Amino acid sequence: MTTQLKRFSIEEVTKHNKPGDLWLVIDAKVYDVTKFSALHPGGTYVLFNESVAGQDATDAFYSLHRQEILHRPQYARLQIGVIAGEGPSVQYAPEALSQVPYAEPTWLASGFHSPYYNESHRKFQAAMRKFFVEVISPDAQMCEENGKRVSQSVLDKMAEMNIHAMRLGPGKHLKGLTLMGGLVKPEEFDYFHEFVITSEIGRLGTRGYFDGLLAGGVIGLPPVLNYGSPEAFAGSDVSGIQTTARKEGNEWVINGTKKWITNGVFCDWFTTGCRTEVMFFLLDLANSSPASLKTGFTVILIPRVEGVETRPLKTSYSATAGTSYVTFDNVRVPLSYTLGEEGKGMNVILSNFNHERLMMCCISARCQRLIVEECLKWAQQREVFGKPLNAQAVIRAKLAQMISRVEGCQNWLENILYQMNHMSYKEQSDKLAGPIGLLKQYVTRTARETAEDATQIFGGRGITATGMGRYIENYHRGSPFDAILGGAEDVLGDLGVRQAMRKMPQNVRL
């Protein structure tokens, strides 16, 4: 594009520095902002400042704006030429691997090595990065702001690549599918490939959109595949479920409520844990011994039929997630929609927590890495008292802690993923529920610490929803969700310790 544009000398540009004739230079590109000056969100004064009008305004621009703004069509069209003999000095390649230290995980960093990934993972990551930048990122930024549902065209393109299926992890559900245009065979797809997908989602930096991108399906569909939960009173305490299902002929009749249901506003099916009448009948027998009591839970797949109503819940992150309050009022579904055995729904519910929590860990850790990259960039380009921000020891100390946290998260995550690749589903349930619980506690706690440090580094920009610190603001507002969804931190920490206690040998002493 720049080879077809007119070339100017900086002396020519300086002549255009007044109302009705206003040019400026940003990174060797010449822009005519004469008409735009009246529309400038920051007012006309900024553009007519003597250090901007008719001048090289690169430093002034990058002190106030993110570089992607220049690539938006409405601003890119303002470019009328380039400075002769000069080229752009600021890198802009959203599909490329970042050269900022710690901006990419070690396995993607130049000169580093990893035992976990092979060439298949590298090619898959490159293709997934390109797809997310071109197809998903523009929609993510728009929907995160306006709160509307993820565009159907985006979901359709993801379906064409079978990304929705791959987000459920490896398994028989992938058999016969063409994955990412044939880039990886179904039998070769493993948990590290899934990690690549989830990481690219996290890299978008749009927390509400993450969940809006059919996260509810990632949570609710595995029980359907394997066997074919939260509510207003229970949350993630599945033992507190109060939604009931009773039999009438060959149907279930379901009554109750569910709260904080991701994607519930627009979903068509609900994987639902219910108390069954078996539970009530046994509890009414005063002389029944505890050993004779069944779990009394049954998981039922409920379509959006008469009696099912949903309404959005206003939370602190974007409404694009479709978080909802769901009511079931005498909803009738066939008995054949039961998942697993009647009365043994607790097994169905608990078996799904590992993958759900691991997905949240992956998202949170990659988004945390994005925040580290943002802070490293900002600390270098932001000047205070004539020096870059990273000249301050207190800022370097914060960056050191942030880097240490994200690298700790990455290494623990990869260890868990490696174990999952070498364990059966049953072994994962037995051995990894505790470690995943502890991992989630660690990742989400470090996330909030990093969010706080990043806000201090960015200052007022870090609490502004637009502009230079928009990713920081979004992360600071959205990181607490990961600490709650899928199980609160203290609960999961306790789960990890209790599982370790059960496996403690009885013959050990100090």
# chains A, B, ... in the order shown; residues from 1 in each chain; ligands from 1
call {"tool": "residues_around", "arguments": {"residues": "range 332-346 of chain A", "least_positions_apart": "5", "cutoff": "7 Å", "atoms": "only C-alpha atoms", "output": "MDAnalysis selection string"}}
result
chainID A and resid 224 227:228 250:254 273 276 294:302
call {"tool": "residues_around", "arguments": {"residues": "Glu12 in chain A", "least_positions_apart": "3", "cutoff": "12 Å", "atoms": "only C-alpha atoms", "output": "number ranges by chain"}}
result
A: 6-9, 15-17, 22-25, 30, 54-56, 81-84
call {"tool": "closest_residue", "arguments": {"among": "A:Asn390, A:Thr257, A:Ser63, A:Asn118", "to": "Ser324 in chain A", "atoms": "only C-alpha atoms"}}
result
A:Thr257
call {"tool": "closest_residue", "arguments": {"among": "A:Asp482, A:Asp156, A:Glu50, A:Asp490", "to": "Cys367 in chain A", "atoms": "only C-alpha atoms"}}
result
A:Asp482
call {"tool": "closest_residue", "arguments": {"among": "A:Lys387, A:Lys123, A:His422, A:Lys157", "to": "Asp190 in chain A", "atoms": "only C-alpha atoms"}}
result
A:His422
call {"tool": "select_by_dssp", "arguments": {"residues": "range 242-472 of chain A", "states": "strand (DSSP E)", "output": "PyMOL selection string"}}
result
chain A and resi 244-248+251-261+269-276+297-303+308-312+324-334+338-339+383-384+387-388
call {"tool": "residues_around", "arguments": {"residues": "range 457-469 of chain A", "least_positions_apart": "6", "cutoff": "8 Å", "atoms": "only C-alpha atoms", "output": "tab-separated table (two decimals) with N, CA and C atoms, in the first residue's frame"}}
result
chain	number	residue	atom	x	y	z
A	64	LEU	N	-1.02	8.37	23.93
A	64	LEU	CA	-2.47	8.48	24.18
A	64	LEU	C	-3.29	7.38	23.52
A	65	HIS	N	-2.75	6.73	22.50
A	65	HIS	CA	-3.56	5.80	21.70
A	65	HIS	C	-2.84	4.47	21.49
A	66	ARG	N	-3.63	3.43	21.30
A	66	ARG	CA	-3.11	2.12	20.95
A	66	ARG	C	-2.89	2.06	19.44
A	375	CYS	N	1.80	-4.57	30.31
A	375	CYS	CA	2.55	-3.80	31.31
A	375	CYS	C	4.01	-3.60	30.90
A	378	TRP	N	3.93	-0.89	28.22
A	378	TRP	CA	3.59	0.42	28.77
A	378	TRP	C	4.74	0.97	29.62
A	379	ALA	N	5.38	0.12	30.40
A	379	ALA	CA	6.47	0.57	31.26
A	379	ALA	C	7.65	1.07	30.44
A	395	ILE	N	8.36	-0.27	39.99
A	395	ILE	CA	7.68	-0.82	38.82
A	395	ILE	C	8.33	-2.13	38.40
call {"tool": "residues_around", "arguments": {"residues": "Glu414 in chain A", "least_positions_apart": "4", "cutoff": "8 Å", "atoms": "only C-alpha atoms", "output": "MDAnalysis selection string"}}
result
chainID A and resid 116 410 418
call {"tool": "write_last_selection", "arguments": {"atoms": "N, CA and C atoms", "output": "PDB file, in the first residue's frame"}}
result
ATOM      1  N   TYR A 116       6.771 -30.913  25.898  1.00  0.00           N
ATOM      2  CA  TYR A 116       5.343 -31.195  25.797  1.00  0.00           C
ATOM      3  C   TYR A 116       4.767 -31.019  24.392  1.00  0.00           C
ATOM      4  N   GLN A 410       1.726 -21.328  34.138  1.00  0.00           N
ATOM      5  CA  GLN A 410       1.950 -22.056  32.890  1.00  0.00           C
ATOM      6  C   GLN A 410       2.560 -23.431  33.151  1.00  0.00           C
ATOM      7  N   TYR A 418      -0.168 -32.801  30.745  1.00  0.00           N
ATOM      8  CA  TYR A 418       0.630 -33.981  30.413  1.00  0.00           C
ATOM      9  C   TYR A 418       0.080 -35.224  31.102  1.00  0.00           C
TER      10      TYR A 418
END
call {"tool": "atom_distance", "arguments": {"atom1": "CA of His40 in chain A", "atom2": "CA of Gln74 in chain A"}}
result
12.1 Å
call {"tool": "select_by_dssp", "arguments": {"residues": "range 187-420 of chain A", "states": "helix (DSSP H, G or I)", "output": "PyMOL selection string"}}
result
chain A and resi 191-202+207-212+215-227+238-240+277-283+290-292+319-321+335-337+345-351+353-381+389-391+393-420
call {"tool": "decode", "arguments": {"residues": "range 58-81 of chain A", "atoms": "N, CA, C and O atoms", "output": "short mmCIF file (atom, residue, chain, number, x, y, z; two decimals), in the first residue's frame"}}
result
data_model
loop_
_atom_site.label_atom_id
_atom_site.label_comp_id
_atom_site.auth_asym_id
_atom_site.auth_seq_id
_atom_site.Cartn_x
_atom_site.Cartn_y
_atom_site.Cartn_z
N THR A 58 4.53 11.08 16.37
CA THR A 58 4.56 9.66 16.75
C THR A 58 4.53 9.48 18.26
O THR A 58 3.70 8.73 18.80
N ASP A 59 5.42 10.17 18.96
CA ASP A 59 5.47 10.01 20.42
C ASP A 59 4.20 10.51 21.08
O ASP A 59 3.68 9.87 22.02
N ALA A 60 3.68 11.63 20.60
CA ALA A 60 2.44 12.16 21.17
C ALA A 60 1.28 11.20 20.95
O ALA A 60 0.45 10.99 21.85
N PHE A 61 1.24 10.60 19.76
CA PHE A 61 0.15 9.67 19.46
C PHE A 61 0.21 8.44 20.37
O PHE A 61 -0.78 8.05 20.98
N TYR A 62 1.40 7.85 20.46
CA TYR A 62 1.52 6.61 21.24
C TYR A 62 1.47 6.83 22.74
O TYR A 62 1.37 5.86 23.49
N SER A 63 1.50 8.05 23.17
CA SER A 63 1.31 8.31 24.59
C SER A 63 -0.17 8.32 24.96
O SER A 63 -0.52 8.27 26.14
N LEU A 64 -1.02 8.37 23.93
CA LEU A 64 -2.47 8.48 24.18
C LEU A 64 -3.29 7.38 23.52
O LEU A 64 -4.43 7.14 23.92
N HIS A 65 -2.75 6.73 22.50
CA HIS A 65 -3.56 5.80 21.70
C HIS A 65 -2.84 4.47 21.49
O HIS A 65 -1.61 4.41 21.46
N ARG A 66 -3.63 3.43 21.30
CA ARG A 66 -3.11 2.12 20.95
C ARG A 66 -2.89 2.06 19.44
O ARG A 66 -3.62 2.67 18.66
N GLN A 67 -1.89 1.28 19.02
CA GLN A 67 -1.51 1.29 17.61
C GLN A 67 -2.58 0.73 16.69
O GLN A 67 -2.67 1.13 15.51
N GLU A 68 -3.44 -0.19 17.19
CA GLU A 68 -4.44 -0.76 16.29
C GLU A 68 -5.44 0.26 15.78
O GLU A 68 -6.13 0.02 14.78
N ILE A 69 -5.53 1.40 16.45
CA ILE A 69 -6.45 2.45 15.99
C ILE A 69 -6.11 2.89 14.57
O ILE A 69 -6.99 3.12 13.74
N LEU A 70 -4.83 2.99 14.26
CA LEU A 70 -4.40 3.44 12.94
C LEU A 70 -4.81 2.47 11.84
O LEU A 70 -4.86 2.85 10.67
N HIS A 71 -5.10 1.24 12.21
CA HIS A 71 -5.43 0.22 11.22
C HIS A 71 -6.94 0.05 11.04
O HIS A 71 -7.37 -0.75 10.21
N ARG A 72 -7.72 0.80 11.81
CA ARG A 72 -9.16 0.78 11.59
C ARG A 72 -9.48 1.52 10.31
O ARG A 72 -8.87 2.55 10.01
N PRO A 73 -10.42 1.04 9.51
CA PRO A 73 -10.69 1.64 8.20
C PRO A 73 -10.95 3.14 8.24
O PRO A 73 -10.48 3.88 7.37
N GLN A 74 -11.69 3.61 9.25
CA GLN A 74 -12.05 5.03 9.29
C GLN A 74 -10.85 5.94 9.53
O GLN A 74 -10.90 7.14 9.22
N TYR A 75 -9.78 5.37 10.08
CA TYR A 75 -8.57 6.16 10.31
C TYR A 75 -7.49 5.86 9.26
O TYR A 75 -6.72 6.76 8.89
N ALA A 76 -7.43 4.63 8.80
CA ALA A 76 -6.44 4.27 7.78
C ALA A 76 -6.64 5.09 6.50
O ALA A 76 -5.67 5.43 5.81
N ARG A 77 -7.88 5.44 6.20
CA ARG A 77 -8.16 6.19 4.97
C ARG A 77 -7.64 7.63 5.03
O ARG A 77 -7.58 8.32 3.99
N LEU A 78 -7.28 8.09 6.22
CA LEU A 78 -6.75 9.45 6.36
C LEU A 78 -5.30 9.55 5.88
O LEU A 78 -4.78 10.66 5.68
N GLN A 79 -4.64 8.41 5.69
CA GLN A 79 -3.25 8.44 5.25
C GLN A 79 -3.18 8.86 3.79
O GLN A 79 -3.87 8.32 2.92
N ILE A 80 -2.32 9.84 3.51
CA ILE A 80 -2.18 10.34 2.13
C ILE A 80 -0.79 10.10 1.56
O ILE A 80 -0.56 10.31 0.37
N GLY A 81 0.12 9.64 2.40
CA GLY A 81 1.46 9.39 1.90
C GLY A 81 2.40 8.94 2.99
O GLY A 81 1.98 8.58 4.10
#
